[in-house]
Structures are given as structure tokens and as C-alpha cells.
file input-v8.cif (mmCIF, C-alpha atoms)
data_upload
#
loop_
_atom_site.label_atom_id
_atom_site.label_comp_id
_atom_site.auth_asym_id
_atom_site.auth_seq_id
_atom_site.Cartn_x
_atom_site.Cartn_y
_atom_site.Cartn_z
CA MET W 1293 2.12 21.23 5.31
CA THR W 1294 -1.61 21.27 4.59
CA GLU W 1295 -4.26 20.43 7.18
CA LEU W 1296 -7.40 18.98 5.66
CA PRO W 1297 -10.94 19.82 6.84
CA ALA W 1298 -12.71 17.30 9.03
CA ASP W 1299 -15.45 16.83 6.42
CA GLY W 1300 -13.11 16.20 3.49
CA LEU W 1301 -14.11 12.64 2.58
CA MET W 1302 -13.61 11.93 -1.13
CA PRO W 1303 -14.12 8.90 -3.36
CA PHE W 1304 -11.31 6.42 -3.91
CA HIS W 1305 -10.73 7.46 -7.52
CA ALA W 1306 -8.84 4.30 -8.47
CA MET W 1307 -11.98 2.34 -7.64
CA GLU W 1308 -14.15 4.87 -9.48
CA ILE W 1309 -12.01 4.38 -12.60
CA LEU W 1310 -12.20 0.60 -12.15
CA LYS W 1311 -16.00 0.78 -11.97
CA ARG W 1312 -16.09 2.86 -15.15
CA ALA W 1313 -13.68 0.45 -16.86
CA LYS W 1314 -15.85 -2.53 -15.94
CA ALA W 1315 -18.86 -0.79 -17.46
CA ILE W 1316 -16.91 -0.28 -20.69
CA GLU W 1317 -15.88 -3.93 -20.73
CA ALA W 1318 -19.52 -4.92 -20.32
CA THR W 1319 -20.16 -3.37 -23.76
CA GLY W 1320 -17.63 -5.74 -25.34
CA ARG W 1321 -14.59 -3.42 -25.46
CA THR W 1322 -11.27 -4.42 -23.93
CA VAL W 1323 -9.52 -2.32 -21.29
CA CYS W 1324 -5.88 -2.33 -20.23
CA HIS W 1325 -6.05 -2.24 -16.41
CA LEU W 1326 -3.21 -0.15 -15.03
CA GLU W 1327 -5.34 1.62 -12.43
CA VAL W 1328 -5.54 -0.76 -9.48
CA GLY W 1329 -2.51 -1.84 -7.48
CA GLU W 1330 -2.96 -5.58 -7.52
CA PRO W 1331 -0.96 -8.46 -9.00
CA GLY W 1332 -2.36 -10.12 -12.07
CA ALA W 1333 -1.26 -13.59 -10.96
CA PRO W 1334 -3.10 -15.91 -8.56
CA PRO W 1335 -1.52 -17.13 -5.33
CA ALA W 1336 1.06 -19.91 -5.50
CA PRO W 1337 -0.26 -23.34 -6.54
CA ARG W 1338 0.38 -24.82 -3.09
CA VAL W 1339 -1.83 -22.11 -1.60
CA ILE W 1340 -4.69 -23.07 -3.90
CA GLU W 1341 -4.12 -26.73 -3.05
CA ALA W 1342 -4.27 -26.09 0.70
CA VAL W 1343 -7.45 -24.05 0.37
CA GLY W 1344 -9.06 -26.82 -1.70
CA LYS W 1345 -8.38 -29.32 1.08
CA ALA W 1346 -9.79 -26.96 3.70
CA LEU W 1347 -12.99 -26.04 1.85
CA PRO W 1348 -15.07 -29.05 2.98
CA LEU W 1349 -14.21 -28.35 6.63
CA ALA W 1350 -16.15 -26.07 8.95
CA GLN W 1351 -14.67 -22.57 8.83
CA GLY W 1352 -15.29 -21.30 12.33
CA TYR W 1353 -13.81 -18.30 14.08
CA THR W 1354 -10.15 -18.41 15.02
CA ASN W 1355 -8.48 -16.82 18.01
CA ALA W 1356 -8.98 -13.06 17.62
CA LYS W 1357 -5.23 -12.70 17.11
CA GLY W 1358 -5.24 -15.35 14.41
CA LEU W 1359 -4.19 -18.95 13.85
CA THR W 1360 -1.21 -19.97 15.94
CA GLU W 1361 0.37 -21.57 12.88
CA LEU W 1362 0.15 -18.34 10.93
CA ARG W 1363 1.59 -16.18 13.70
CA GLU W 1364 4.40 -18.66 14.27
CA GLY W 1365 5.06 -18.60 10.53
CA LEU W 1366 5.30 -14.82 10.69
CA THR W 1367 7.78 -15.12 13.55
CA ALA W 1368 9.92 -17.31 11.29
CA TYR W 1369 9.49 -14.76 8.48
CA TYR W 1370 10.86 -11.91 10.61
CA ALA W 1371 13.77 -14.02 11.77
CA ALA W 1372 14.71 -15.05 8.23
CA GLN W 1373 14.06 -11.79 6.38
CA HIS W 1374 14.88 -9.18 9.00
CA GLY W 1375 17.01 -10.91 11.63
CA VAL W 1376 14.66 -10.00 14.49
CA THR W 1377 12.74 -12.03 17.05
CA VAL W 1378 9.03 -11.23 17.19
CA ASP W 1379 6.73 -12.86 19.75
CA PRO W 1380 3.67 -14.42 18.07
CA ASP W 1381 1.55 -12.96 20.88
CA SER W 1382 2.46 -9.43 19.72
CA MET W 1383 0.86 -10.09 16.33
CA LEU W 1384 -2.69 -9.67 15.14
CA CYS W 1385 -3.93 -11.19 11.87
CA THR W 1386 -6.23 -8.72 10.14
CA MET W 1387 -8.63 -8.41 7.21
CA GLY W 1388 -6.01 -7.00 4.88
CA SER W 1389 -4.03 -3.98 6.01
CA SER W 1390 -7.24 -1.92 5.97
CA SER W 1391 -8.64 -3.25 9.25
CA GLY W 1392 -5.13 -3.07 10.67
CA PHE W 1393 -5.11 0.69 10.18
CA ILE W 1394 -8.48 1.05 11.90
CA ILE W 1395 -7.28 -0.98 14.89
CA ALA W 1396 -3.97 0.91 15.00
CA PHE W 1397 -5.63 4.34 15.03
CA HIS W 1398 -8.10 3.42 17.77
CA THR W 1399 -5.48 1.53 19.79
CA ALA W 1400 -2.70 4.11 19.84
CA PHE W 1401 -4.46 7.50 19.79
CA ARG W 1402 -7.11 9.40 21.68
CA PRO W 1403 -10.30 10.38 19.80
CA GLY W 1404 -9.64 13.34 17.53
CA ALA W 1405 -5.84 13.03 17.66
CA ARG W 1406 -3.91 14.43 14.71
CA ILE W 1407 -1.92 11.94 12.64
CA ALA W 1408 0.56 12.96 9.95
CA ILE W 1409 0.75 11.38 6.52
CA THR W 1410 2.83 12.15 3.46
CA ARG W 1411 1.55 13.87 0.34
CA PRO W 1412 1.34 12.25 -2.15
CA GLY W 1413 0.17 9.16 -0.32
CA TYR W 1414 -2.33 6.33 -0.27
CA PRO W 1415 -5.83 7.92 -0.40
CA ALA W 1416 -7.39 5.54 2.10
CA TYR W 1417 -5.11 7.01 4.78
CA VAL W 1418 -6.88 10.35 4.46
CA ASN W 1419 -10.40 9.03 4.09
CA THR W 1420 -10.12 6.42 6.85
CA LEU W 1421 -8.72 8.93 9.33
CA LEU W 1422 -11.37 11.50 8.47
CA GLY W 1423 -14.14 8.93 8.57
CA LEU W 1424 -13.03 7.83 12.04
CA GLY W 1425 -12.93 11.38 13.34
CA PHE W 1426 -9.17 11.87 13.57
CA GLY W 1427 -7.30 14.98 12.51
CA ILE W 1428 -4.78 14.97 9.69
CA ALA W 1429 -1.55 16.80 8.96
CA GLU W 1430 0.03 16.35 5.52
CA ILE W 1431 3.77 16.49 4.93
CA PRO W 1432 4.46 17.38 1.30
CA LEU W 1433 7.16 15.47 -0.55
CA SER W 1434 8.88 16.43 -3.80
CA ALA W 1435 10.10 14.71 -6.92
CA GLU W 1436 13.40 16.56 -6.50
CA ASN W 1437 14.07 14.49 -3.36
CA GLY W 1438 12.82 11.30 -4.96
CA TRP W 1439 9.53 11.60 -3.04
CA ARG W 1440 11.39 10.45 0.11
CA LEU W 1441 10.43 11.52 3.62
CA THR W 1442 13.22 12.71 5.95
CA GLY W 1443 13.48 13.41 9.64
CA ALA W 1444 13.90 17.10 8.82
CA ASP W 1445 10.55 17.05 6.97
CA ILE W 1446 8.87 15.54 10.02
CA ALA W 1447 10.44 18.02 12.43
CA ALA W 1448 9.48 21.04 10.31
CA ALA W 1449 5.89 19.84 9.95
CA HIS W 1450 5.61 19.11 13.67
CA ALA W 1451 6.92 22.56 14.57
CA ASP W 1452 4.24 24.10 12.35
CA THR W 1453 1.34 21.94 13.58
CA PRO W 1454 2.07 19.30 16.26
CA PHE W 1455 0.76 15.77 15.71
CA GLU W 1456 0.71 12.63 17.80
CA GLY W 1457 1.27 10.00 15.14
CA LEU W 1458 2.95 9.46 11.79
CA LEU W 1459 1.77 6.92 9.21
CA PHE W 1460 4.54 6.21 6.75
CA ALA W 1461 5.10 3.66 3.96
CA SER W 1462 8.28 2.42 2.29
CA PRO W 1463 8.00 1.41 -0.53
CA ALA W 1464 5.33 4.02 -0.99
CA ASN W 1465 2.12 4.27 -2.97
CA PRO W 1466 1.86 6.00 -5.49
CA THR W 1467 5.52 6.87 -6.04
CA GLY W 1468 7.30 3.60 -5.29
CA ALA W 1469 9.83 5.61 -3.26
CA THR W 1470 11.83 3.79 -0.59
CA VAL W 1471 14.05 4.87 2.26
CA ASP W 1472 17.20 2.93 3.09
CA ARG W 1473 18.22 1.80 6.57
CA ALA W 1474 19.82 5.13 7.43
CA GLY W 1475 16.78 7.04 6.19
CA LEU W 1476 14.40 4.89 8.22
CA ALA W 1477 16.62 5.28 11.30
CA ASP W 1478 16.44 9.05 10.85
CA ILE W 1479 12.64 8.94 10.67
CA ILE W 1480 12.38 6.71 13.74
CA ALA W 1481 14.81 8.82 15.78
CA THR W 1482 12.92 12.00 14.89
CA CYS W 1483 9.59 10.46 15.93
CA GLN W 1484 11.08 9.30 19.22
CA ARG W 1485 12.52 12.74 19.94
CA LEU W 1486 9.18 14.43 19.23
CA GLY W 1487 7.07 11.87 21.08
CA VAL W 1488 5.30 10.82 17.87
CA ARG W 1489 4.01 7.26 17.54
CA LEU W 1490 5.10 5.72 14.23
CA ILE W 1491 2.89 3.41 12.19
CA SER W 1492 5.07 1.72 9.58
CA ASP W 1493 3.10 0.55 6.53
CA GLU W 1494 5.21 -2.29 5.10
CA ILE W 1495 2.64 -3.72 2.70
CA TYR W 1496 5.02 -3.49 -0.28
CA HIS W 1497 7.92 -5.20 1.47
CA GLY W 1498 9.56 -7.75 -0.76
CA LEU W 1499 8.91 -5.52 -3.78
CA ASP W 1500 12.14 -3.50 -3.54
CA TYR W 1501 14.38 -3.23 -6.59
CA ALA W 1502 17.31 -1.27 -5.12
CA GLY W 1503 18.00 -3.42 -2.07
CA PRO W 1504 16.35 -5.51 0.67
CA SER W 1505 13.32 -4.16 2.52
CA VAL W 1506 14.11 -2.74 5.95
CA SER W 1507 11.46 -3.20 8.63
CA ALA W 1508 10.96 -0.70 11.42
CA LEU W 1509 11.22 -3.71 13.74
CA GLU W 1510 14.94 -3.86 12.98
CA LEU W 1511 15.36 -0.45 14.60
CA THR W 1512 12.62 -0.07 17.21
CA ARG W 1513 9.92 -1.96 19.10
CA ASP W 1514 7.88 1.18 19.75
CA ALA W 1515 6.39 1.37 16.24
CA ILE W 1516 3.21 -0.31 15.02
CA VAL W 1517 4.05 -2.37 11.93
CA ILE W 1518 1.33 -3.20 9.40
CA ASN W 1519 1.75 -5.62 6.51
CA SER W 1520 -0.36 -7.75 4.21
CA PHE W 1521 -0.33 -10.75 1.91
CA SER W 1522 -2.03 -8.68 -0.80
CA LYS W 1523 0.91 -7.44 -2.85
CA TYR W 1524 4.01 -9.63 -2.57
CA TYR W 1525 2.00 -12.84 -2.17
CA CYS W 1526 -0.63 -12.03 -4.86
CA MET W 1527 -3.61 -12.21 -2.47
CA THR W 1528 -5.46 -8.88 -2.68
CA GLY W 1529 -8.97 -10.35 -2.74
CA TRP W 1530 -8.24 -12.75 0.10
CA ARG W 1531 -8.23 -9.78 2.51
CA ILE W 1532 -5.59 -11.05 4.89
CA GLY W 1533 -2.83 -9.09 6.60
CA TRP W 1534 -1.16 -8.68 9.96
CA MET W 1535 0.14 -6.17 12.44
CA VAL W 1536 2.95 -6.26 14.99
CA LEU W 1537 2.30 -4.18 18.11
CA PRO W 1538 4.41 -2.77 20.92
CA ASP W 1539 3.82 -4.55 24.23
CA ASP W 1540 1.80 -1.69 25.69
CA LEU W 1541 -0.77 -1.82 22.88
CA VAL W 1542 -1.27 -5.56 22.33
CA ARG W 1543 -4.16 -6.13 24.73
CA ARG W 1544 -6.17 -3.10 23.64
CA ALA W 1545 -5.71 -4.07 19.97
CA GLU W 1546 -6.89 -7.60 20.71
CA ILE W 1547 -10.01 -6.31 22.43
CA LEU W 1548 -10.80 -4.02 19.51
CA GLN W 1549 -10.31 -6.90 17.08
CA GLN W 1550 -12.69 -9.08 19.11
CA ASN W 1551 -15.40 -6.44 18.97
CA LEU W 1552 -14.89 -4.87 15.53
CA PHE W 1553 -13.97 -7.89 13.38
CA ILE W 1554 -13.96 -11.00 15.67
CA SER W 1555 -11.13 -12.52 13.62
CA ALA W 1556 -9.67 -12.52 10.14
CA PRO W 1557 -11.29 -14.99 7.67
CA THR W 1558 -10.22 -18.50 8.58
CA LEU W 1559 -9.82 -19.73 5.00
CA SER W 1560 -7.62 -16.75 4.18
CA GLN W 1561 -5.49 -17.43 7.24
CA ILE W 1562 -4.98 -21.03 6.08
CA ALA W 1563 -3.95 -19.74 2.66
CA ALA W 1564 -1.59 -17.16 4.17
CA THR W 1565 0.14 -19.75 6.35
CA VAL W 1566 1.08 -21.71 3.23
CA ALA W 1567 1.95 -18.58 1.23
CA LEU W 1568 4.75 -17.70 3.65
CA GLY W 1569 6.67 -20.72 2.38
CA GLU W 1570 6.18 -19.84 -1.30
CA ARG W 1571 8.66 -16.99 -1.69
CA ASP W 1572 10.21 -18.55 -4.81
CA TYR W 1573 6.85 -18.16 -6.54
CA ALA W 1574 6.52 -14.59 -5.25
CA GLU W 1575 10.02 -13.77 -6.53
CA GLN W 1576 9.04 -15.04 -9.98
CA GLN W 1577 6.16 -12.56 -10.01
CA LYS W 1578 8.48 -9.80 -8.82
CA ALA W 1579 10.81 -10.49 -11.76
CA GLY W 1580 7.86 -9.83 -14.05
CA TYR W 1581 7.13 -6.54 -12.31
CA ALA W 1582 10.77 -5.54 -12.67
CA ALA W 1583 10.63 -6.12 -16.42
CA ASN W 1584 7.33 -4.20 -16.69
CA ARG W 1585 8.85 -1.42 -14.59
CA GLN W 1586 11.54 -0.66 -17.15
CA LEU W 1587 9.23 -1.18 -20.13
CA LEU W 1588 6.63 1.23 -18.77
CA ASN W 1589 9.13 3.85 -17.65
CA ASP W 1590 10.82 3.91 -21.07
CA GLY W 1591 7.48 3.99 -22.86
CA LEU W 1592 6.06 6.83 -20.76
CA HIS W 1593 9.21 8.87 -21.26
CA ALA W 1594 9.00 8.38 -25.02
CA LEU W 1595 5.35 9.49 -25.03
CA GLY W 1596 6.19 12.75 -23.27
CA PHE W 1597 5.20 12.05 -19.68
CA ASP W 1598 7.28 13.78 -17.02
CA ILE W 1599 9.00 10.84 -15.36
CA GLY W 1600 12.44 10.24 -13.93
CA ALA W 1601 14.18 6.98 -13.16
CA PRO W 1602 12.07 3.89 -12.47
CA SER W 1603 10.66 3.66 -8.95
CA ASP W 1604 12.67 1.86 -6.29
CA GLY W 1605 9.82 -0.32 -5.07
CA ALA W 1606 6.19 -1.44 -5.23
CA PHE W 1607 4.77 -1.61 -8.79
CA TYR W 1608 3.84 1.96 -9.67
CA ALA W 1609 4.96 4.80 -11.91
CA TYR W 1610 3.91 8.28 -10.80
CA ALA W 1611 4.13 10.48 -13.86
CA GLY W 1612 3.60 14.15 -14.60
CA ILE W 1613 1.11 15.09 -17.36
CA SER W 1614 1.88 18.80 -17.81
CA ARG W 1615 2.48 18.28 -21.55
CA PHE W 1616 -1.07 16.97 -21.98
CA SER W 1617 -3.37 18.38 -19.31
CA ASN W 1618 -3.78 20.19 -16.00
CA ASP W 1619 -6.82 18.10 -15.04
CA ALA W 1620 -5.80 14.57 -14.07
CA MET W 1621 -9.33 13.18 -13.74
CA SER W 1622 -10.38 14.45 -17.16
CA PHE W 1623 -7.14 13.11 -18.63
CA CYS W 1624 -7.78 9.65 -17.15
CA GLU W 1625 -11.38 9.61 -18.36
CA THR W 1626 -10.26 10.55 -21.87
CA LEU W 1627 -7.63 7.80 -21.97
CA LEU W 1628 -10.18 5.29 -20.73
CA ASP W 1629 -12.91 6.32 -23.16
CA GLU W 1630 -10.74 6.85 -26.24
CA ALA W 1631 -7.86 4.41 -25.73
CA GLY W 1632 -9.29 1.80 -23.39
CA VAL W 1633 -6.47 2.41 -20.90
CA ALA W 1634 -7.38 2.68 -17.21
CA ILE W 1635 -5.02 4.67 -14.95
CA THR W 1636 -5.49 6.60 -11.71
CA PRO W 1637 -5.59 10.41 -11.38
CA GLY W 1638 -3.06 12.03 -9.07
CA ILE W 1639 -5.84 13.72 -7.08
CA ASP W 1640 -6.32 10.37 -5.37
CA PHE W 1641 -2.93 10.80 -3.75
CA ASP W 1642 -2.47 14.56 -3.56
CA ARG W 1643 -5.47 16.86 -3.24
CA ALA W 1644 -3.27 19.96 -3.57
CA GLY W 1645 -1.07 19.19 -6.58
CA GLY W 1646 -2.33 15.88 -7.89
CA ASN W 1647 -4.00 17.31 -10.99
CA ARG W 1648 -0.56 17.38 -12.57
CA PHE W 1649 0.08 13.63 -12.09
CA VAL W 1650 -1.28 10.17 -12.82
CA ARG W 1651 -0.36 6.76 -11.45
CA PHE W 1652 0.24 3.62 -13.51
CA SER W 1653 0.34 0.14 -11.99
CA TYR W 1654 2.63 -2.33 -13.74
CA ALA W 1655 1.62 -5.35 -11.66
CA GLY W 1656 -0.27 -6.99 -14.51
CA LYS W 1657 0.88 -8.89 -17.56
CA ARG W 1658 3.57 -7.53 -19.86
CA GLU W 1659 1.17 -7.76 -22.80
CA SER W 1660 -1.20 -5.36 -21.07
CA VAL W 1661 1.55 -2.80 -20.51
CA GLU W 1662 2.68 -3.07 -24.14
CA LEU W 1663 -0.86 -2.68 -25.44
CA ALA W 1664 -1.52 0.28 -23.13
CA LEU W 1665 1.57 2.10 -24.40
CA GLU W 1666 0.55 1.43 -28.00
CA ARG W 1667 -3.00 2.68 -27.45
CA MET W 1668 -1.89 5.79 -25.56
CA GLY W 1669 0.54 6.59 -28.34
CA LYS W 1670 -2.28 6.72 -30.86
CA VAL W 1671 -4.32 9.09 -28.69
CA LEU W 1672 -1.57 11.36 -27.37
CA ARG W 1673 0.62 11.86 -30.43
#

call {"tool": "encode", "arguments": {"input": "input-v8.cif", "output": "C-alpha cells"}}
result
Amino acid sequence: MTELPADGLMPFHAMEILKRAKAIEATGRTVCHLEVGEPGAPPAPRVIEAVGKALPLAQGYTNAKGLTELREGLTAYYAAQHGVTVDPDSMLCTMGSSSGFIIAFHTAFRPGARIAITRPGYPAYVNTLLGLGFGIAEIPLSAENGWRLTGADIAAAHADTPFEGLLFASPANPTGATVDRAGLADIIATCQRLGVRLISDEIYHGLDYAGPSVSALELTRDAIVINSFSKYYCMTGWRIGWMVLPDDLVRRAEILQQNLFISAPTLSQIAATVALGERDYAEQQKAGYAANRQLLNDGLHALGFDIGAPSDGAFYAYAGISRFSNDAMSFCETLLDEAGVAITPGIDFDRAGGNRFVRFSYAGKRESVELALERMGKVLR
């Protein structure tokens, strides 16, 4: 386990690459965007229709927790998808998952508390925690174990340097790794035994290829669950998500929401309410990701990237580049400049060993993946 310094804020390199790619496109060149984890499709047509009807109306603040219709829709979602009953009053609609994390950290932990995250992991975890003044403990994962976290990993890390919280995602970014029901139960039981508060990041739920997504709510009511409409429902730019809180944290979270954000955007909440009923459309997009998943994995293997079986979830491939480079950022800049292919360096997700890896997103169109593989082949061979 590696503990990061309190002043270790770093750029979000995926966004840095995106900015550089946009500058290249401004010169007239085309870029294959495989750097940012966002669907290439718009929301479902009925979502667009509902928003169009709402646009002429005044868009005032909603209840700090969110529209009643949206929270009741989420209650129906948990009943249908996970077989659990969730009280709408235990939910908070948020500005994407990002504000949900801020509220969760300040709601559940004392100032300066140490919170564990996995390495590799989503870079905003590190930078948000550091920016808010919390401590961090990293639990390293390995490709040999499929990048999966176990209860034993948590216990060993906690024995080395105790922590009060664990932020964990399944499916995970950047690896796409998932834990099954037994694996999640092991993680939850270990956290309960150690007195560690679990924050379950379920933003990629619905995007599982090996089996149905398992929510922490199926196994415990002590965890904070964070989710979003960004990925499965194709609504990244709408900035709308939600969180489900244990009873003892609901009121404090509501007060923080009132003061930090007032409420999530009303128009986005209207769109999200309709999106919940458009799972057939979302499943169509997922089928496209699944096809891209195999195409990209086969293509990267043929080009010489170090990559195993396709990821179990999300829409990412986390690939080793030892055949080509030991400097992931330089490698990504070269591919962008010479091949017009934008990908993300592994240092975004792993400050210790990320120079040996890069992340590809296959959430876009198949044509973009095919063209990216063709262009990389010309540069790398």
C-alpha cells in the first residue's frame, strides 16, 4: 500500500489529452477519441422529447434531495433490478457522481480522515480527496488477480495503515474489473469487521458483460451507494446522478446539499426521470460496446499490447505498453500527434506503476475503433 502526500494534486490527464486533441482537430485533422469514458450516443429519443417540452417552462430549484418523481423512479429501479426496497427519502439527486463523492466524504468522515482507494483507480478519487483535505491509502491491485479487490487485500492494507473509509467501484475504471456477489459480500463483511465505512461507486452498473450488476444495497444498508445517469444512460454532459444513504447520514447529507449545491439541475432531473424507463435503448448501446470490446481487445493483442481477456464491465481496455515504451504520457502524446489517436496514460490511474499502461475507451462508434487500430498499426509496426 502507498500513502500519497497531502499536496499531491495532479491534472486529470484524460482531460489534458482531450484538450490537446481538440486543438489538433481545430487545425483540420481528425482524431479518434478513445481517451474519455463517455458514450458516443445521445440520450434516448423520449428523453430529448421530454426535455423539449420542459424547456419553455421556468426551471426553478427542486427539493434539495431532488424531484419526487425521480426518486420514486429510482425506488422502482432498485426493486426491479436488484430486488430491494429503497425509501425515496434516503436518496439524494446529485450533479453527476462527482458532487455525490464530495457530499459522501464530508457526510461520513471527520476532517482529515483517511480513506482507502484501489490502485489503479479513477483519478478524481485521489485528487478530490486531497483537494478536500482528506488522507488517502492506496490498495494495489494486480493483473494476475484480474484487478479485483478482495477482503484479504483490505485487511492487509488496514493492518499496515488503518483507514476509516473505503471507496470501491465495480465495474471499475480503468480496468473494467468486476466482483461477483460473493466477492462483494467478502468486501462488505471485511469493512464491517474493521469498522470501515464503504462507499460503493456503482456508476458503471448495467454495463456488465459477465453477469448482472450486484449493488451493495443487496447486502447491506450501511454503505453509501453512488450512481449516475452518465454511462449506462448516455448522459455524461447532463451532470445528473444520485446517492443512497444509510439512515444515520441522510439529514447531514441533505444539509450539505442545500448549502454546497442547492439542488441538481432541474432540467437534467426531468431528463433522468424519463431515462429510467428507456432501458431498451440503453441495452442497444451496450450491445455496441460489447462488439467494440471484442474488436478492440483482439486488435490491441495483434498490435503487441500486453492485454488479457476482455474486461468484464464498463467500456475500457487497460493495456500494457512494455513492448513500446516505459513512459505512458509520452507514448500517448506520440500516438495523438502522429496517428491522431487519443488515449489516456496509465499515470492517471496509478501514480506508482501507471507508466507501463494506457487506457482505451470503446464507448464510441465502431468505425472510430476500427480507424484507431488501423492508424496505430501504421505507427507502431

call {"tool": "closest_residue", "arguments": {"input": "input-v8.cif", "among": "W:Tyr1573, W:Tyr1501, W:Tyr1417, W:Phe1426", "to": "Val1339 in chain W", "atoms": "all atoms listed in the file"}}
result
W:Tyr1573

call {"tool": "resolve_selection", "arguments": {"input": "input-v8.cif", "expression": "the PyMOL selection byres ((chain W and resi 1541) around 10)", "output": "list in words"}}
result
Ser1382, Ala1396, Thr1399, Ala1400, Asp1514, Ile1516, Val1536, Leu1537, Pro1538, Asp1539, Asp1540, Val1542, Arg1543, Arg1544, Ala1545 and Glu1546 of chain W

call {"tool": "closest_atom_pairs", "arguments": {"input": "input-v8.cif", "of": "range 1423-1536 of chain W", "to": "range 1341-1359 of chain W", "cutoff": "12 Å", "atoms": "only C-alpha atoms", "output": "tab-separated table"}}
result
residue	atom	partner	partner_atom	distance
W:Trp1530	CA	W:Val1343	CA	11.3
W:Ile1532	CA	W:Gly1358	CA	10.5
W:Gly1533	CA	W:Gly1358	CA	10.3
W:Trp1534	CA	W:Gly1358	CA	9.0
W:Met1535	CA	W:Lys1357	CA	9.7
W:Val1536	CA	W:Lys1357	CA	10.6

call {"tool": "atom_distance", "arguments": {"input": "input-v8.cif", "atom1": "CA of Ile1479 in chain W", "atom2": "CA of Leu1441 in chain W"}}
result
7.8 Å

call {"tool": "closest_residue", "arguments": {"input": "input-v8.cif", "among": "W:Asp1642, W:Asp1379, W:Glu1662, W:Asp1619", "to": "Ser1434 in chain W", "atoms": "all atoms listed in the file"}}
result
W:Asp1642

call {"tool": "resolve_selection", "arguments": {"input": "input-v8.cif", "expression": "the PyMOL selection byres ((chain W and resi 1624) around 9)", "output": "list in words"}}
result
Ile1309, Asp1619, Ala1620, Met1621, Ser1622, Phe1623, Glu1625, Thr1626, Leu1627, Leu1628, Asp1629, Val1633, Ala1634, Ile1635, Thr1636, Pro1637 and Val1650 of chain W

call {"tool": "resolve_selection", "arguments": {"input": "input-v8.cif", "expression": "the PyMOL selection byres ((chain W and resi 1302) around 12)", "output": "ChimeraX atom specification"}}
result
/W:1296-1301,1303-1308,1415-1423,1639-1643

call {"tool": "atom_distance", "arguments": {"input": "input-v8.cif", "atom1": "CA of Glu1510 in chain W", "atom2": "CA of Asp1472 in chain W"}}
result
12.2 Å

call {"tool": "atom_distance", "arguments": {"input": "input-v8.cif", "atom1": "CA of His1593 in chain W", "atom2": "CA of Gly1612 in chain W"}}
result
10.2 Å
